[in-house]
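To start, the structure itself, in structure tokens.
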Amino acid sequence: MSIDTNFPIYHMHNTYFIRSARLAPAPHEHFASHLIFGLQQPFLAEVDGCRMPAEGIAIGSGISHTIYTEGPVLAAFLDALTPLDSCLKKCILRGRSYYQFSPGISQAVSQAWLTASSPSDGKEAILKLEQLTGLNPDFPVTEDSRILEAADYIHRARNLESLTVQEIARAVCLSESRLSHLFKQEAGISLHLYLANMKLERAFYLIPTGKPMTDICMEAGFSSPSHMSDISRKLYGLSMTQVKKLFFGGHAPVELS
């Protein structure tokens, strides 16, 4: 993946919106659901080993996928256990691993993003995408309240490096085994991998600071740079070296409200 550094990475409604100049990671799966739109031309999507041309596609969490294209794309990552993710799964995917948006919707989304180079443009483009695709940021999240509490506890933790499943389970009054089972059932990803993703997300915010990768690794809560890189490959199909070189181009994600 090569990020177009003229376009910041936006974070809004628990979703990262990233404009990429090129996109061809190794096939991978992750806890975040996906929206991908070709901004200037269609792309070739591979989902669960099946290849298909597409202009816009939604891919569920935990589904092996990649895309092949030489043109720019918009890639959105929807956090699990959030309103947009719940809306996507219940109203658009409806039990399917992927869904292709119509050419009309895909082209309208692409047009909104081609010039979204400022925070105000980015916010407008995000709201336009949600309107066109039918994604509702106020959609009710119906997962087990204890799982939502566990996810919130992880998000609020100051020291991810010392956070354990035992501590999270105690905070939501469940046994470790029961919490792990429920989390996998509701979120579609193991609690350990969800926690690892939160650490990786923290590392992403630290990369633009210019700190050595070893320091970033320790601050994010990983035991070693190789462990962090392994998790990045598993979740996003990219090594941390690739992420550092190509992913952010000096930009920290821009938070929009």
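Numbering starts fresh at 1 for the residues of each chain in the structure tokens, the chains themselves are lettered A, B, ... in the order given, and ligands are numbered from 1 as they appear.
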
Write out as JSON lines the residues of stretch 121-213 of chain A that have any atom within 12 Å of an atom of stretch 92-113 of chain A, one row each with the nearest atom pair and its distance in Å to one decimal, counting only C-alpha atoms, sorted by chain and then rising number.
{"residue": "A:Asp121", "atom": "CA", "partner": "A:Trp113", "partner_atom": "CA", "distance": 8.3}
{"residue": "A:Gly122", "atom": "CA", "partner": "A:Trp113", "partner_atom": "CA", "distance": 7.6}
{"residue": "A:Lys123", "atom": "CA", "partner": "A:Trp113", "partner_atom": "CA", "distance": 10.2}
{"residue": "A:Glu124", "atom": "CA", "partner": "A:Ala112", "partner_atom": "CA", "distance": 8.1}
{"residue": "A:Ala125", "atom": "CA", "partner": "A:Ala112", "partner_atom": "CA", "distance": 5.3}
{"residue": "A:Ile126", "atom": "CA", "partner": "A:Trp113", "partner_atom": "CA", "distance": 8.4}
{"residue": "A:Leu127", "atom": "CA", "partner": "A:Ala112", "partner_atom": "CA", "distance": 9.8}
{"residue": "A:Lys128", "atom": "CA", "partner": "A:Val109", "partner_atom": "CA", "distance": 7.1}
{"residue": "A:Leu129", "atom": "CA", "partner": "A:Val109", "partner_atom": "CA", "distance": 5.6}
{"residue": "A:Glu130", "atom": "CA", "partner": "A:Val109", "partner_atom": "CA", "distance": 9.2}
{"residue": "A:Gln131", "atom": "CA", "partner": "A:Val109", "partner_atom": "CA", "distance": 9.6}
{"residue": "A:Leu132", "atom": "CA", "partner": "A:Ile105", "partner_atom": "CA", "distance": 6.2}
{"residue": "A:Thr133", "atom": "CA", "partner": "A:Ile105", "partner_atom": "CA", "distance": 7.2}
{"residue": "A:Gly134", "atom": "CA", "partner": "A:Ile92", "partner_atom": "CA", "distance": 8.2}
{"residue": "A:Leu135", "atom": "CA", "partner": "A:Ile92", "partner_atom": "CA", "distance": 8.5}
{"residue": "A:Asn136", "atom": "CA", "partner": "A:Ile92", "partner_atom": "CA", "distance": 11.2}

Just the selected residues (N, CA and C atoms), exported as a PDB file, in the first residue's frame, please.
ATOM      1  N   ASP A 121     -13.323  19.199   3.995  1.00  0.00           N
ATOM      2  CA  ASP A 121     -13.639  18.383   2.823  1.00  0.00           C
ATOM      3  C   ASP A 121     -13.772  16.913   3.219  1.00  0.00           C
ATOM      4  N   GLY A 122     -12.861  16.465   4.093  1.00  0.00           N
ATOM      5  CA  GLY A 122     -12.886  15.076   4.531  1.00  0.00           C
ATOM      6  C   GLY A 122     -14.171  14.740   5.263  1.00  0.00           C
ATOM      7  N   LYS A 123     -14.585  15.614   6.161  1.00  0.00           N
ATOM      8  CA  LYS A 123     -15.829  15.380   6.902  1.00  0.00           C
ATOM      9  C   LYS A 123     -17.017  15.328   5.954  1.00  0.00           C
ATOM     10  N   GLU A 124     -17.046  16.243   4.990  1.00  0.00           N
ATOM     11  CA  GLU A 124     -18.145  16.275   4.018  1.00  0.00           C
ATOM     12  C   GLU A 124     -18.161  14.987   3.183  1.00  0.00           C
ATOM     13  N   ALA A 125     -16.975  14.513   2.790  1.00  0.00           N
ATOM     14  CA  ALA A 125     -16.877  13.292   1.983  1.00  0.00           C
ATOM     15  C   ALA A 125     -17.316  12.067   2.783  1.00  0.00           C
ATOM     16  N   ILE A 126     -16.986  12.042   4.074  1.00  0.00           N
ATOM     17  CA  ILE A 126     -17.401  10.924   4.934  1.00  0.00           C
ATOM     18  C   ILE A 126     -18.916  10.897   5.074  1.00  0.00           C
ATOM     19  N   LEU A 127     -19.505  12.054   5.334  1.00  0.00           N
ATOM     20  CA  LEU A 127     -20.959  12.121   5.474  1.00  0.00           C
ATOM     21  C   LEU A 127     -21.648  11.748   4.162  1.00  0.00           C
ATOM     22  N   LYS A 128     -21.046  12.129   3.030  1.00  0.00           N
ATOM     23  CA  LYS A 128     -21.606  11.779   1.723  1.00  0.00           C
ATOM     24  C   LYS A 128     -21.528  10.268   1.516  1.00  0.00           C
ATOM     25  N   LEU A 129     -20.406   9.671   1.880  1.00  0.00           N
ATOM     26  CA  LEU A 129     -20.256   8.211   1.769  1.00  0.00           C
ATOM     27  C   LEU A 129     -21.314   7.493   2.596  1.00  0.00           C
ATOM     28  N   GLU A 130     -21.508   7.947   3.823  1.00  0.00           N
ATOM     29  CA  GLU A 130     -22.506   7.312   4.695  1.00  0.00           C
ATOM     30  C   GLU A 130     -23.911   7.440   4.107  1.00  0.00           C
ATOM     31  N   GLN A 131     -24.206   8.608   3.565  1.00  0.00           N
ATOM     32  CA  GLN A 131     -25.527   8.829   2.965  1.00  0.00           C
ATOM     33  C   GLN A 131     -25.733   7.926   1.753  1.00  0.00           C
ATOM     34  N   LEU A 132     -24.736   7.837   0.877  1.00  0.00           N
ATOM     35  CA  LEU A 132     -24.868   7.066  -0.357  1.00  0.00           C
ATOM     36  C   LEU A 132     -24.963   5.561  -0.094  1.00  0.00           C
ATOM     37  N   THR A 133     -24.209   5.077   0.889  1.00  0.00           N
ATOM     38  CA  THR A 133     -24.173   3.642   1.149  1.00  0.00           C
ATOM     39  C   THR A 133     -25.241   3.187   2.142  1.00  0.00           C
ATOM     40  N   GLY A 134     -25.871   4.149   2.824  1.00  0.00           N
ATOM     41  CA  GLY A 134     -26.881   3.799   3.816  1.00  0.00           C
ATOM     42  C   GLY A 134     -26.318   3.455   5.175  1.00  0.00           C
ATOM     43  N   LEU A 135     -25.058   3.794   5.417  1.00  0.00           N
ATOM     44  CA  LEU A 135     -24.456   3.535   6.727  1.00  0.00           C
ATOM     45  C   LEU A 135     -24.899   4.601   7.724  1.00  0.00           C
ATOM     46  N   ASN A 136     -25.363   4.155   8.874  1.00  0.00           N
ATOM     47  CA  ASN A 136     -25.930   5.052   9.881  1.00  0.00           C
ATOM     48  C   ASN A 136     -25.037   5.083  11.115  1.00  0.00           C
TER      49      ASN A 136
END

Practice task
Quick one: pick out all alpha helix (DSSP H) residues within stretch 22-244 of chain A from a backbone DSSP run and write them as a PyMOL selection string.
Solution key: chain A and resi 83-87+103-113+119-133+145-156+165-171+176-187+191-206+213-220+225-236+240-242

Within 9 Å of A:Val141, counting only C-alpha atoms, which residues show up once you throw out same-chain ones fewer than 4 positions away? Write them as a PDB file with C-alpha atoms, in the first residue's frame, please.
ATOM      1  CA  LEU A  81     -18.554  -3.319  17.970  1.00  0.00           C
ATOM      2  CA  THR A  82     -19.420   0.156  16.659  1.00  0.00           C
ATOM      3  CA  PRO A  83     -22.614   1.586  15.058  1.00  0.00           C
ATOM      4  CA  LEU A  84     -21.222   1.752  11.498  1.00  0.00           C
ATOM      5  CA  ASP A  85     -19.925  -1.809  11.704  1.00  0.00           C
ATOM      6  CA  SER A  86     -23.239  -3.091  13.078  1.00  0.00           C
ATOM      7  CA  CYS A  87     -25.145  -1.243  10.349  1.00  0.00           C
ATOM      8  CA  LEU A 148     -19.090  -3.569  24.770  1.00  0.00           C
TER       9      LEU A 148
END

Please report as a tab-separated table every residue of stretch 153-228 of chain A lying within 12 Å of stretch 33-50 of chain A, along with the nearest atom pair and their distance in Å (one decimal), using only C-alpha atoms.
residue	atom	partner	partner_atom	distance
A:Ala187	CA	A:Ser33	CA	10.8
A:Gly188	CA	A:Ser33	CA	10.5
A:Ile189	CA	A:Ser33	CA	11.4
